[in-house]
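Peer 1: Contents of coords30.cif (mmCIF, C-alpha atoms and all ligand atoms) are below:
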data_start
loop_
_atom_site.label_atom_id
_atom_site.label_comp_id
_atom_site.auth_asym_id
_atom_site.auth_seq_id
_atom_site.Cartn_x
_atom_site.Cartn_y
_atom_site.Cartn_z
CA MET Q 142 68.10 -13.36 15.22
CA ARG Q 143 64.35 -13.66 15.75
CA ARG Q 144 62.45 -12.94 12.58
CA PRO Q 145 59.48 -10.76 13.48
CA ILE Q 146 55.91 -11.73 12.73
CA ALA Q 147 52.66 -9.95 11.94
CA GLY Q 148 49.65 -12.25 12.18
CA THR Q 149 45.91 -12.21 12.39
CA GLY Q 150 43.23 -14.73 13.31
CA TRP Q 151 39.91 -14.11 11.62
CA LYS Q 152 37.95 -16.21 14.13
CA MET Q 153 34.46 -16.95 12.68
CA ASN Q 154 34.66 -14.15 10.12
CA ASN Q 155 35.44 -13.94 6.39
CA GLY Q 156 33.99 -16.75 4.32
CA ALA Q 157 35.58 -17.83 1.04
CA ALA Q 158 34.35 -14.87 -1.03
CA ASP Q 159 35.55 -12.45 1.65
CA ALA Q 160 38.91 -14.24 1.75
CA TYR Q 161 39.48 -13.44 -1.92
CA ARG Q 162 38.43 -9.82 -1.39
CA TYR Q 163 40.66 -9.52 1.69
CA ALA Q 164 43.70 -10.92 -0.13
CA ALA Q 165 43.26 -8.56 -3.06
CA ALA Q 166 42.86 -5.55 -0.75
CA LEU Q 167 45.85 -6.56 1.41
CA LYS Q 168 48.13 -6.98 -1.60
CA GLN Q 169 47.00 -3.59 -2.87
CA ALA Q 170 47.55 -1.89 0.49
CA LEU Q 171 51.02 -3.42 0.81
CA THR Q 172 52.22 -2.40 -2.64
CA GLY Q 173 55.73 -1.02 -2.25
CA VAL Q 174 56.04 -2.16 1.39
CA ASP Q 175 59.14 -4.27 2.02
CA VAL Q 176 57.98 -7.29 4.02
CA SER Q 177 61.06 -9.37 3.19
CA GLY Q 178 62.34 -9.12 6.78
CA ILE Q 179 59.25 -10.48 8.51
CA ASP Q 180 56.81 -13.39 8.48
CA VAL Q 181 53.15 -12.66 7.85
CA PHE Q 182 50.26 -15.02 8.54
CA VAL Q 183 46.50 -15.08 8.29
CA LEU Q 184 44.37 -17.69 10.07
CA PRO Q 185 41.05 -18.03 8.23
CA PRO Q 186 38.16 -20.28 9.27
CA PHE Q 187 38.53 -23.82 7.91
CA THR Q 188 36.06 -23.33 5.06
CA SER Q 189 38.04 -20.33 3.80
CA LEU Q 190 41.44 -22.03 3.83
CA HIS Q 191 41.30 -23.18 0.24
CA ALA Q 192 40.26 -19.74 -1.03
CA ALA Q 193 42.83 -17.97 1.13
CA GLY Q 194 45.56 -20.38 0.02
CA ALA Q 195 44.75 -19.68 -3.63
CA ALA Q 196 44.38 -15.95 -3.09
CA PHE Q 197 47.69 -15.62 -1.22
CA ALA Q 198 49.64 -17.98 -3.49
CA ASN Q 199 52.98 -16.49 -4.56
CA SER Q 200 52.70 -13.82 -1.88
CA PRO Q 201 54.59 -13.46 1.42
CA VAL Q 202 51.40 -14.24 3.37
CA ALA Q 203 51.20 -17.75 4.83
CA ILE Q 204 47.99 -19.29 6.06
CA GLY Q 205 47.17 -21.42 9.08
CA GLY Q 206 44.36 -23.14 10.94
CA GLN Q 207 42.74 -21.74 14.07
CA ASN Q 208 42.67 -25.12 15.81
CA MET Q 209 43.13 -28.83 15.09
CA HIS Q 210 42.57 -32.26 16.60
CA TRP Q 211 45.31 -34.28 18.31
CA ASP Q 212 44.71 -37.37 16.19
CA ASP Q 213 45.53 -37.89 12.50
CA ALA Q 214 42.17 -39.34 11.43
CA GLY Q 215 39.24 -41.36 12.74
CA GLY Q 216 35.88 -41.06 14.44
CA TRP Q 217 36.08 -37.44 15.52
CA THR Q 218 33.00 -35.80 14.04
CA GLY Q 219 33.42 -32.13 13.27
CA GLU Q 220 37.18 -32.11 13.72
CA ILE Q 221 40.15 -31.30 11.45
CA SER Q 222 43.57 -32.98 11.67
CA ALA Q 223 47.13 -31.71 11.22
CA PRO Q 224 47.65 -33.59 7.92
CA MET Q 225 44.41 -32.03 6.63
CA LEU Q 226 45.72 -28.56 7.45
CA VAL Q 227 48.99 -29.36 5.68
CA GLU Q 228 47.07 -30.60 2.67
CA ALA Q 229 45.05 -27.36 2.67
CA GLY Q 230 48.30 -25.40 2.36
CA CYS Q 231 48.72 -24.35 6.00
CA ARG Q 232 52.09 -23.49 7.47
CA TYR Q 233 50.76 -22.59 10.93
CA VAL Q 234 48.16 -23.73 13.42
CA GLU Q 235 46.91 -21.69 16.35
CA LEU Q 236 46.50 -23.65 19.57
CA ALA Q 237 45.07 -22.79 23.00
CA HIS Q 238 43.31 -19.60 22.01
CA SER Q 239 41.47 -18.31 25.06
CA GLU Q 240 38.10 -18.85 23.35
CA ARG Q 241 38.98 -22.54 22.91
CA LEU Q 242 39.84 -22.74 26.62
CA GLN Q 243 36.82 -20.76 27.77
CA HIS Q 244 34.04 -22.08 25.54
CA PHE Q 245 35.25 -25.53 24.48
CA GLY Q 246 36.89 -26.75 27.67
CA GLU Q 247 40.37 -27.17 26.22
CA THR Q 248 43.22 -27.63 28.66
CA TYR Q 249 47.00 -27.41 28.35
CA PRO Q 250 47.56 -31.18 28.68
CA LEU Q 251 45.34 -31.43 25.57
CA VAL Q 252 47.23 -28.58 23.92
CA ARG Q 253 50.44 -30.52 24.51
CA ARG Q 254 49.05 -33.42 22.44
CA LYS Q 255 48.10 -31.02 19.68
CA VAL Q 256 51.56 -29.42 19.73
CA ASP Q 257 53.11 -32.86 19.31
CA GLN Q 258 50.83 -33.68 16.38
CA ALA Q 259 51.38 -30.32 14.72
CA MET Q 260 55.16 -30.59 15.00
CA ALA Q 261 55.12 -34.14 13.66
CA ALA Q 262 53.10 -32.96 10.66
CA GLY Q 263 55.49 -30.08 9.94
CA LEU Q 264 53.17 -27.29 11.05
CA VAL Q 265 54.35 -24.36 13.15
CA PRO Q 266 52.17 -24.25 16.28
CA ILE Q 267 51.29 -20.79 17.51
CA ILE Q 268 50.75 -21.54 21.19
CA CYS Q 269 48.61 -18.98 23.01
CA LEU Q 270 49.45 -18.30 26.65
CA GLY Q 271 47.85 -15.94 29.11
CA GLU Q 272 46.45 -15.44 32.57
CA THR Q 273 42.84 -14.64 33.41
CA ALA Q 274 41.84 -11.41 35.16
CA ALA Q 275 41.51 -13.33 38.44
CA GLU Q 276 44.97 -14.87 38.08
CA LYS Q 277 46.40 -11.44 37.32
CA ALA Q 278 44.71 -9.96 40.37
CA ALA Q 279 46.14 -12.75 42.52
CA GLY Q 280 49.66 -11.94 41.27
CA ARG Q 281 49.90 -15.37 39.63
CA ALA Q 282 50.49 -14.35 36.00
CA ASP Q 283 54.07 -15.63 35.67
CA GLU Q 284 53.29 -18.83 37.53
CA VAL Q 285 50.37 -19.49 35.16
CA LEU Q 286 52.47 -18.70 32.08
CA SER Q 287 55.18 -21.05 33.27
CA GLU Q 288 52.76 -23.91 33.74
CA GLN Q 289 51.11 -23.29 30.36
CA VAL Q 290 54.31 -23.04 28.33
CA LEU Q 291 56.10 -25.94 30.00
CA THR Q 292 53.08 -28.22 29.68
CA SER Q 293 52.64 -27.30 26.00
CA LEU Q 294 56.29 -28.03 25.22
CA ALA Q 295 56.68 -31.10 27.42
CA GLY Q 296 56.60 -33.56 24.51
CA GLN Q 297 59.20 -31.70 22.47
CA PRO Q 298 62.98 -32.06 22.66
CA ILE Q 299 64.82 -28.94 23.85
CA GLU Q 300 66.33 -28.32 20.42
CA ARG Q 301 62.90 -28.01 18.82
CA THR Q 302 61.67 -25.30 21.19
CA ALA Q 303 62.29 -22.42 18.80
CA ASP Q 304 60.28 -24.17 16.08
CA VAL Q 305 57.10 -23.10 17.84
CA VAL Q 306 55.78 -19.56 18.08
CA LEU Q 307 54.49 -18.39 21.46
CA ALA Q 308 51.72 -15.82 21.66
CA TYR Q 309 51.29 -14.01 24.97
CA GLU Q 310 47.63 -13.09 24.98
CA PRO Q 311 46.43 -12.05 28.44
CA ARG Q 312 42.89 -13.40 28.54
CA TRP Q 313 41.51 -10.21 30.06
CA ALA Q 314 42.92 -8.16 27.16
CA ILE Q 315 41.39 -10.16 24.30
CA GLY Q 316 38.39 -8.48 22.70
CA ALA Q 317 38.73 -5.73 25.31
CA ALA Q 318 38.73 -1.94 25.13
CA ASP Q 319 42.48 -1.67 25.70
CA ALA Q 320 45.62 -3.75 25.30
CA ALA Q 321 47.79 -4.53 28.31
CA SER Q 322 50.12 -1.65 29.14
CA PRO Q 323 53.57 -1.72 27.52
CA GLU Q 324 55.17 -2.09 30.97
CA TYR Q 325 52.99 -5.07 31.80
CA VAL Q 326 53.65 -6.70 28.41
CA ALA Q 327 57.40 -6.14 28.80
CA ALA Q 328 57.37 -7.83 32.21
CA ARG Q 329 55.43 -10.90 31.02
CA HIS Q 330 57.54 -11.35 27.89
CA ALA Q 331 60.71 -11.06 29.95
CA ALA Q 332 59.27 -13.63 32.37
CA LEU Q 333 58.53 -16.00 29.49
CA ARG Q 334 62.10 -15.69 28.26
CA ARG Q 335 63.39 -16.38 31.78
CA ILE Q 336 61.18 -19.46 32.00
CA LEU Q 337 62.47 -20.69 28.63
CA ARG Q 338 66.09 -20.07 29.70
CA GLU Q 339 65.66 -21.92 32.96
CA HIS Q 340 63.78 -24.93 31.61
CA ARG Q 341 64.64 -25.15 27.90
CA GLY Q 342 68.13 -23.57 27.75
CA GLU Q 343 69.80 -20.44 26.45
CA ASN Q 344 69.22 -21.08 22.75
CA ALA Q 345 65.50 -21.60 23.28
CA ALA Q 346 65.33 -18.34 25.25
CA LEU Q 347 67.20 -16.42 22.58
CA GLU Q 348 65.58 -17.91 19.50
CA THR Q 349 61.92 -18.56 20.34
CA ARG Q 350 59.61 -15.90 19.00
CA ILE Q 351 57.03 -14.47 21.40
CA LEU Q 352 54.17 -12.44 19.95
CA TYR Q 353 51.88 -10.11 21.85
CA GLY Q 354 48.14 -10.26 21.22
CA GLY Q 355 45.12 -8.69 22.92
CA SER Q 356 43.42 -5.52 21.63
CA VAL Q 357 46.35 -4.52 19.43
CA THR Q 358 45.54 -1.65 17.06
CA PRO Q 359 47.58 0.33 14.54
CA GLU Q 360 47.69 3.04 17.23
CA ASN Q 361 49.07 1.02 20.18
CA GLY Q 362 50.98 -1.45 17.98
CA LYS Q 363 53.87 0.95 17.40
CA GLU Q 364 54.74 1.10 21.08
CA LEU Q 365 54.15 -2.61 21.73
CA ILE Q 366 56.45 -3.79 18.93
CA GLU Q 367 59.29 -1.67 20.30
CA ILE Q 368 59.38 -3.73 23.51
CA GLU Q 369 62.60 -5.72 23.55
CA ASP Q 370 61.11 -9.17 24.03
CA VAL Q 371 58.09 -8.68 21.76
CA ASP Q 372 58.83 -10.36 18.43
CA GLY Q 373 55.58 -9.62 16.67
CA LEU Q 374 51.93 -8.64 16.89
CA PHE Q 375 49.00 -11.04 16.78
CA VAL Q 376 45.81 -9.19 16.00
CA GLY Q 377 42.10 -9.95 16.01
CA ARG Q 378 39.50 -7.24 15.42
CA ALA Q 379 41.83 -4.55 14.13
CA ALA Q 380 42.93 -6.84 11.28
CA TRP Q 381 39.62 -8.35 10.21
CA LYS Q 382 39.64 -5.80 7.41
CA ALA Q 383 42.63 -5.94 5.09
CA GLU Q 384 43.42 -2.24 5.48
CA GLY Q 385 43.78 -2.64 9.24
CA PHE Q 386 46.07 -5.63 8.87
CA ALA Q 387 48.16 -3.80 6.26
CA ARG Q 388 48.83 -1.07 8.83
CA ILE Q 389 49.97 -3.66 11.38
CA VAL Q 390 52.21 -5.37 8.80
CA LYS Q 391 53.82 -2.01 8.00
CA ILE Q 392 54.42 -1.29 11.69
CA VAL Q 393 56.12 -4.66 12.21
CA SER Q 394 58.25 -4.40 9.06
CA GLU Q 395 59.40 -0.90 9.98
CA ALA Q 396 60.27 -2.03 13.51
CA ALA Q 397 62.14 -5.05 12.14
CA SER Q 398 64.82 -2.91 10.59
CA ARG Q 399 65.35 -1.03 13.89
CA LYS Q 400 65.19 -3.65 16.59
CA LYS Q 401 68.49 -5.16 17.65
CA SER Q 402 66.83 -8.15 19.27
CA PHE Q 403 65.57 -9.21 15.87
C1 LIG Z 1 42.60 -12.66 19.71
O1 LIG Z 1 41.44 -13.06 19.70
O2 LIG Z 1 43.57 -13.45 19.73
C2 LIG Z 1 42.85 -11.23 19.71
C3 LIG Z 1 44.06 -10.81 19.90
O3 LIG Z 1 41.75 -10.45 19.50
P1 LIG Z 1 41.66 -8.85 19.62
O4 LIG Z 1 42.87 -8.29 18.89
O5 LIG Z 1 40.41 -8.51 18.93
O6 LIG Z 1 41.69 -8.53 21.06
#
Any chance you could give the structure as structure tokens?
Ligand code: PEP
Peer 2:
Amino acid sequence: MRRPIAGTGWKMNNGAADAYRYAAALKQALTGVDVSGIDVFVLPPFTSLHAAGAAFANSPVAIGGQNMHWDDAGGWTGEISAPMLVEAGCRYVELAHSERLQHFGETYPLVRRKVDQAMAAGLVPIICLGETAAEKAAGRADEVLSEQVLTSLAGQPIERTADVVLAYEPRWAIGAADAASPEYVAARHAALRRILREHRGENAALETRILYGGSVTPENGKELIEIEDVDGLFVGRAAWKAEGFARIVKIVSEAASRKKSF
């Protein structure tokens, strides 16, 4: 039903030469692993997209951007547009990563514009959602998630909901010592599915893929991927080296054959 996903964002790591090395090492580490039942993506920095696209050509690994602008072209110095990502061979674009919100002042009304542009260009937006530590402490996590997801999707017709990928990434668990507990993740993912059901209908709730991200490792990933409403793992640090990502990909592909919700 929901095809599982293993993905990684490299952030500001891995230039073009490293992208080639990473791709070669990942292919090697995944020799003999059946990834036909899952989607796999890597989000390199912009200047590594071309190299990564060439290095992963004819492989099951798709590439994507880590951000994009809401306009197609024009006087936006330093920015990259959706058509440019498509031209660079991207299938995905990550939007609303917590570092974009925290350090670059991005907001969900802005994310909504980017989602609309990405969808119009044929990209799959990976929309990050997550509460801060203060919002968690105030018991507001589900309220925050609801506002974030509904704002992000507001420009899209109901029937296109499942064309996006949601990534629940509690902001306090990104780059942290530990991931959120499996119980906590299960509750937030279930809440997200309830929110989708209530506001975007049954099909959207059943079909939209929701990844978990935030200090995932090959060690905790096994338990996290078994959670009913978790459709994949989105990994930072533990996948910046190809061997680490290969372990995550294996965990997700093995879980894919077991999980009924998939
Ligand atoms: C992230 O930055 O989206 C992320 C999940 O990072 P890490 O796995 O390193 O916490």
Peer 1: Give me, as a tab-separated table, the closest atom pair and its distance (Å, one decimal) for every residue of chain Q within a cut-off of 7 Å of ligand LIG 1 (chain Z), counting all atoms listed in the file, rows sorted by chain and rising number.
Peer 2:
residue	atom	partner	partner_atom	distance
Q:Gly150	CA	Z:LIG1	O2	6.6
Q:His238	CA	Z:LIG1	O2	6.6
Q:Glu310	CA	Z:LIG1	C3	6.6
Q:Ala314	CA	Z:LIG1	O6	6.2
Q:Ile315	CA	Z:LIG1	O6	3.6
Q:Gly316	CA	Z:LIG1	O6	3.7
Q:Ala317	CA	Z:LIG1	O6	5.9
Q:Gly354	CA	Z:LIG1	C3	4.3
Q:Gly355	CA	Z:LIG1	C3	3.8
Q:Ser356	CA	Z:LIG1	O6	3.5
Q:Val357	CA	Z:LIG1	O4	5.2
Q:Phe375	CA	Z:LIG1	C3	5.8
Q:Val376	CA	Z:LIG1	O4	4.2
Q:Gly377	CA	Z:LIG1	O4	3.4
Q:Arg378	CA	Z:LIG1	O5	3.8
Q:Ala379	CA	Z:LIG1	O4	6.1
Peer 1: Could the residues in this selection be written to a file with C-alpha atoms, as a PDB file, in the coordinates of the input?
Peer 2:
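again-v8.pdb, freshly written:
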ATOM      1  CA  GLY Q 150      43.230 -14.730  13.310  1.00  0.00           C
ATOM      2  CA  HIS Q 238      43.310 -19.600  22.010  1.00  0.00           C
ATOM      3  CA  GLU Q 310      47.630 -13.090  24.980  1.00  0.00           C
ATOM      4  CA  ALA Q 314      42.920  -8.160  27.160  1.00  0.00           C
ATOM      5  CA  ILE Q 315      41.390 -10.160  24.300  1.00  0.00           C
ATOM      6  CA  GLY Q 316      38.390  -8.480  22.700  1.00  0.00           C
ATOM      7  CA  ALA Q 317      38.730  -5.730  25.310  1.00  0.00           C
ATOM      8  CA  GLY Q 354      48.140 -10.260  21.220  1.00  0.00           C
ATOM      9  CA  GLY Q 355      45.120  -8.690  22.920  1.00  0.00           C
ATOM     10  CA  SER Q 356      43.420  -5.520  21.630  1.00  0.00           C
ATOM     11  CA  VAL Q 357      46.350  -4.520  19.430  1.00  0.00           C
ATOM     12  CA  PHE Q 375      49.000 -11.040  16.780  1.00  0.00           C
ATOM     13  CA  VAL Q 376      45.810  -9.190  16.000  1.00  0.00           C
ATOM     14  CA  GLY Q 377      42.100  -9.950  16.010  1.00  0.00           C
ATOM     15  CA  ARG Q 378      39.500  -7.240  15.420  1.00  0.00           C
ATOM     16  CA  ALA Q 379      41.830  -4.550  14.130  1.00  0.00           C
TER      17      ALA Q 379
END
Peer 1: Residues within 12 Å of Ala229 of chain Q, please, as an MDAnalysis selection string. Count all atoms listed in the file; anything in the same chain fewer than 4 positions from it doesn't count.
Peer 2: chainID Q and resid 185:195 203:206 221:225 233:234 264
Peer 1: Take the residues from that selection and put them in a file with C-alpha atoms, as a PDB file, keeping the file's coordinate frame.
Peer 2:
ATOM      1  CA  PRO Q 185      41.050 -18.030   8.230  1.00  0.00           C
ATOM      2  CA  PRO Q 186      38.160 -20.280   9.270  1.00  0.00           C
ATOM      3  CA  PHE Q 187      38.530 -23.820   7.910  1.00  0.00           C
ATOM      4  CA  THR Q 188      36.060 -23.330   5.060  1.00  0.00           C
ATOM      5  CA  SER Q 189      38.040 -20.330   3.800  1.00  0.00           C
ATOM      6  CA  LEU Q 190      41.440 -22.030   3.830  1.00  0.00           C
ATOM      7  CA  HIS Q 191      41.300 -23.180   0.240  1.00  0.00           C
ATOM      8  CA  ALA Q 192      40.260 -19.740  -1.030  1.00  0.00           C
ATOM      9  CA  ALA Q 193      42.830 -17.970   1.130  1.00  0.00           C
ATOM     10  CA  GLY Q 194      45.560 -20.380   0.020  1.00  0.00           C
ATOM     11  CA  ALA Q 195      44.750 -19.680  -3.630  1.00  0.00           C
ATOM     12  CA  ALA Q 203      51.200 -17.750   4.830  1.00  0.00           C
ATOM     13  CA  ILE Q 204      47.990 -19.290   6.060  1.00  0.00           C
ATOM     14  CA  GLY Q 205      47.170 -21.420   9.080  1.00  0.00           C
ATOM     15  CA  GLY Q 206      44.360 -23.140  10.940  1.00  0.00           C
ATOM     16  CA  ILE Q 221      40.150 -31.300  11.450  1.00  0.00           C
ATOM     17  CA  SER Q 222      43.570 -32.980  11.670  1.00  0.00           C
ATOM     18  CA  ALA Q 223      47.130 -31.710  11.220  1.00  0.00           C
ATOM     19  CA  PRO Q 224      47.650 -33.590   7.920  1.00  0.00           C
ATOM     20  CA  MET Q 225      44.410 -32.030   6.630  1.00  0.00           C
ATOM     21  CA  TYR Q 233      50.760 -22.590  10.930  1.00  0.00           C
ATOM     22  CA  VAL Q 234      48.160 -23.730  13.420  1.00  0.00           C
ATOM     23  CA  LEU Q 264      53.170 -27.290  11.050  1.00  0.00           C
TER      24      LEU Q 264
END
Peer 1: Here is a test: counting all atoms listed in the file, which residue of Q:Tyr309, Q:Ala383, Q:Leu171, Q:Ile368 is nearest to Val183 of chain Q?
Peer 2: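 Of Q:Tyr309, Q:Ala383, Q:Leu171, Q:Ile368, the one nearest Val183 of chain Q, counting all atoms listed in the file, is Q:Ala383.
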Peer 1: Near segment 272-285 of chain Q, counting only C-alpha atoms, which residues have an atom at most 10 Å away, once you skip same-chain residues fewer than 4 positions from it, shown as a list of chain:residue names?
Peer 2: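 Once the nearby chain positions are removed, what remains is Q:Ser239, Q:Gln289, Q:Val290, Q:Tyr309, Q:Glu310, Q:Pro311, Q:Arg312, Q:Trp313, Q:Ala314, Q:Ala328, Q:Arg329, Q:His330, Q:Ala331, Q:Ala332, Q:Leu333, Q:Ile336.
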Peer 1: Which one of Q:Pro201, Q:Gly263, Q:Gly246, Q:Gly173 sits closest to Gly148 of chain Q if you count all atoms listed in the file?
Peer 2: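 Result for the nearest residue to Gly148 of chain Q: Q:Pro201.
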Peer 1: Mind pulling up the distance from atom CA of Leu347 of chain Q to atom CA of Met142 of chain Q?
Peer 2: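 Atom-to-atom, atom CA of Met142 of chain Q and atom CA of Leu347 of chain Q are spaced 8.0 Å apart.
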Peer 1: Distance atom CA of Gly296 of chain Q-atom CA of Glu240 of chain Q, one decimal place?
Peer 2: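 Taking atom CA of Gly296 of chain Q and atom CA of Glu240 of chain Q, their separation equals 23.7 Å.
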Peer 1: Between atom CA of Thr358 of chain Q and atom CA of Thr302 of chain Q, what distance in Å does the model show, to one decimal?
Peer 2: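 Pair atom CA of Thr358 of chain Q / atom CA of Thr302 of chain Q returns 28.9 Å.
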Peer 1: Give me the residues within 8 Å of Gly373 of chain Q as number ranges by chain, counting all atoms listed in the file and dropping any in the same chain fewer than 6 places off.
Peer 2: Q: 145-148, 350-353, 366, 393
Peer 1: Mind dumping the selected residues with C-alpha atoms as an mmCIF file, keeping the file's coordinate frame?
Peer 2:
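Now in again.cif:
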data_model
loop_
_atom_site.group_PDB
_atom_site.id
_atom_site.type_symbol
_atom_site.label_atom_id
_atom_site.label_comp_id
_atom_site.auth_asym_id
_atom_site.auth_seq_id
_atom_site.Cartn_x
_atom_site.Cartn_y
_atom_site.Cartn_z
ATOM 1 C CA PRO Q 145 59.480 -10.760 13.480
ATOM 2 C CA ILE Q 146 55.910 -11.730 12.730
ATOM 3 C CA ALA Q 147 52.660 -9.950 11.940
ATOM 4 C CA GLY Q 148 49.650 -12.250 12.180
ATOM 5 C CA ARG Q 350 59.610 -15.900 19.000
ATOM 6 C CA ILE Q 351 57.030 -14.470 21.400
ATOM 7 C CA LEU Q 352 54.170 -12.440 19.950
ATOM 8 C CA TYR Q 353 51.880 -10.110 21.850
ATOM 9 C CA ILE Q 366 56.450 -3.790 18.930
ATOM 10 C CA VAL Q 393 56.120 -4.660 12.210
#
Peer 1: Taking into account all atoms listed in the file, which residue in the set Q:Lys391, Q:His340, Q:Lys168, Q:Lys152 is nearest to Glu288 of chain Q?
Peer 2: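 The shortest atom-to-atom distance to Glu288 of chain Q comes from Q:His340.
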Peer 1: Between Q:Trp381, Q:Trp211, Q:Trp151, Q:Trp217, which one has atoms that come closest to Ala261 of chain Q, using only C-alpha atoms?
Peer 2: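 With only C-alpha atoms as the atom set, the closest residue is Q:Trp211.
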Peer 1: Give the answer as one residue: which of Q:Thr349, Q:Asn155, Q:Gln207, Q:Gln258 has the shortest atom-to-atom distance to Ile299 of chain Q, using all atoms listed in the file?
Peer 2: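 Among Q:Thr349, Q:Asn155, Q:Gln207, Q:Gln258, it is Q:Thr349 that comes nearest to Ile299 of chain Q.
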Peer 1: Just checking: using all atoms listed in the file, which residue out of Q:Phe197, Q:Ala380, Q:Leu251, Q:Gly178 ends up closest to Ala396 of chain Q?
Peer 2: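 Counting all atoms listed in the file, the residue closest to Ala396 of chain Q is Q:Gly178.
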Peer 1: I'd like the neighbourhood of Thr292 of chain Q as an NGL selection string, where a residue qualifies if any of its atoms comes within 12 Å (using all atoms listed in the file), though same-chain residues fewer than 2 positions away should be ignored.
Peer 2: :Q and (237 or 248-257 or 268 or 270 or 285-290 or 294-297 or 340)
Peer 1: Find the axis-aligned box for segment 154-171 of chain Q, covering all its listed atoms and adding 5 Å on each side, and write its centre and edge lengths in Å to one decimal as JSON.
Peer 2:
{"center_x": 42.5, "center_y": -9.9, "center_z": 3.5, "size_x": 27.0, "size_y": 25.9, "size_z": 23.2}
Peer 1: Could you add N, CA, C and O atoms to segment 307-321 of chain Q and give me the result as a PDB file, in the coordinates of the input?
Peer 2:
ATOM      1  N   LEU Q 307      55.320 -18.627  20.273  1.00  0.00           N
ATOM      2  CA  LEU Q 307      54.490 -18.390  21.460  1.00  0.00           C
ATOM      3  C   LEU Q 307      53.742 -17.075  21.282  1.00  0.00           C
ATOM      4  O   LEU Q 307      54.283 -16.114  20.720  1.00  0.00           O
ATOM      5  N   ALA Q 308      52.509 -17.049  21.731  1.00  0.00           N
ATOM      6  CA  ALA Q 308      51.720 -15.820  21.660  1.00  0.00           C
ATOM      7  C   ALA Q 308      51.224 -15.486  23.054  1.00  0.00           C
ATOM      8  O   ALA Q 308      50.361 -16.209  23.589  1.00  0.00           O
ATOM      9  N   TYR Q 309      51.803 -14.443  23.668  1.00  0.00           N
ATOM     10  CA  TYR Q 309      51.290 -14.010  24.970  1.00  0.00           C
ATOM     11  C   TYR Q 309      50.037 -13.199  24.731  1.00  0.00           C
ATOM     12  O   TYR Q 309      50.086 -12.115  24.133  1.00  0.00           O
ATOM     13  N   GLU Q 310      48.922 -13.748  25.159  1.00  0.00           N
ATOM     14  CA  GLU Q 310      47.630 -13.090  24.980  1.00  0.00           C
ATOM     15  C   GLU Q 310      46.892 -13.104  26.320  1.00  0.00           C
ATOM     16  O   GLU Q 310      46.169 -14.060  26.618  1.00  0.00           O
ATOM     17  N   PRO Q 311      47.123 -12.073  27.152  1.00  0.00           N
ATOM     18  CA  PRO Q 311      46.430 -12.050  28.440  1.00  0.00           C
ATOM     19  C   PRO Q 311      44.918 -12.171  28.195  1.00  0.00           C
ATOM     20  O   PRO Q 311      44.362 -11.427  27.383  1.00  0.00           O
ATOM     21  N   ARG Q 312      44.282 -13.095  28.885  1.00  0.00           N
ATOM     22  CA  ARG Q 312      42.890 -13.400  28.540  1.00  0.00           C
ATOM     23  C   ARG Q 312      41.959 -12.237  28.796  1.00  0.00           C
ATOM     24  O   ARG Q 312      40.946 -12.086  28.122  1.00  0.00           O
ATOM     25  N   TRP Q 313      42.334 -11.370  29.728  1.00  0.00           N
ATOM     26  CA  TRP Q 313      41.510 -10.210  30.060  1.00  0.00           C
ATOM     27  C   TRP Q 313      41.690  -9.094  29.026  1.00  0.00           C
ATOM     28  O   TRP Q 313      40.940  -8.118  29.039  1.00  0.00           O
ATOM     29  N   ALA Q 314      42.686  -9.227  28.146  1.00  0.00           N
ATOM     30  CA  ALA Q 314      42.920  -8.160  27.160  1.00  0.00           C
ATOM     31  C   ALA Q 314      42.414  -8.529  25.769  1.00  0.00           C
ATOM     32  O   ALA Q 314      42.492  -7.720  24.848  1.00  0.00           O
ATOM     33  N   ILE Q 315      41.890  -9.742  25.612  1.00  0.00           N
ATOM     34  CA  ILE Q 315      41.390 -10.160  24.300  1.00  0.00           C
ATOM     35  C   ILE Q 315      39.966  -9.635  24.108  1.00  0.00           C
ATOM     36  O   ILE Q 315      39.117  -9.800  24.986  1.00  0.00           O
ATOM     37  N   GLY Q 316      39.731  -9.002  22.977  1.00  0.00           N
ATOM     38  CA  GLY Q 316      38.390  -8.480  22.700  1.00  0.00           C
ATOM     39  C   GLY Q 316      38.007  -7.371  23.663  1.00  0.00           C
ATOM     40  O   GLY Q 316      36.823  -7.094  23.870  1.00  0.00           O
ATOM     41  N   ALA Q 317      38.986  -6.730  24.269  1.00  0.00           N
ATOM     42  CA  ALA Q 317      38.730  -5.730  25.310  1.00  0.00           C
ATOM     43  C   ALA Q 317      38.807  -4.317  24.714  1.00  0.00           C
ATOM     44  O   ALA Q 317      39.032  -4.131  23.525  1.00  0.00           O
ATOM     45  N   ALA Q 318      38.644  -3.329  25.603  1.00  0.00           N
ATOM     46  CA  ALA Q 318      38.730  -1.940  25.130  1.00  0.00           C
ATOM     47  C   ALA Q 318      40.192  -1.553  24.920  1.00  0.00           C
ATOM     48  O   ALA Q 318      40.525  -0.818  23.997  1.00  0.00           O
ATOM     49  N   ASP Q 319      41.068  -2.064  25.771  1.00  0.00           N
ATOM     50  CA  ASP Q 319      42.480  -1.670  25.700  1.00  0.00           C
ATOM     51  C   ASP Q 319      43.391  -2.885  25.766  1.00  0.00           C
ATOM     52  O   ASP Q 319      43.064  -3.900  26.378  1.00  0.00           O
ATOM     53  N   ALA Q 320      44.567  -2.726  25.167  1.00  0.00           N
ATOM     54  CA  ALA Q 320      45.620  -3.750  25.300  1.00  0.00           C
ATOM     55  C   ALA Q 320      46.214  -3.648  26.701  1.00  0.00           C
ATOM     56  O   ALA Q 320      45.975  -2.672  27.427  1.00  0.00           O
ATOM     57  N   ALA Q 321      47.010  -4.636  27.079  1.00  0.00           N
ATOM     58  CA  ALA Q 321      47.790  -4.530  28.310  1.00  0.00           C
ATOM     59  C   ALA Q 321      48.779  -3.369  28.131  1.00  0.00           C
ATOM     60  O   ALA Q 321      49.165  -3.046  27.004  1.00  0.00           O
TER      61      ALA Q 321
END
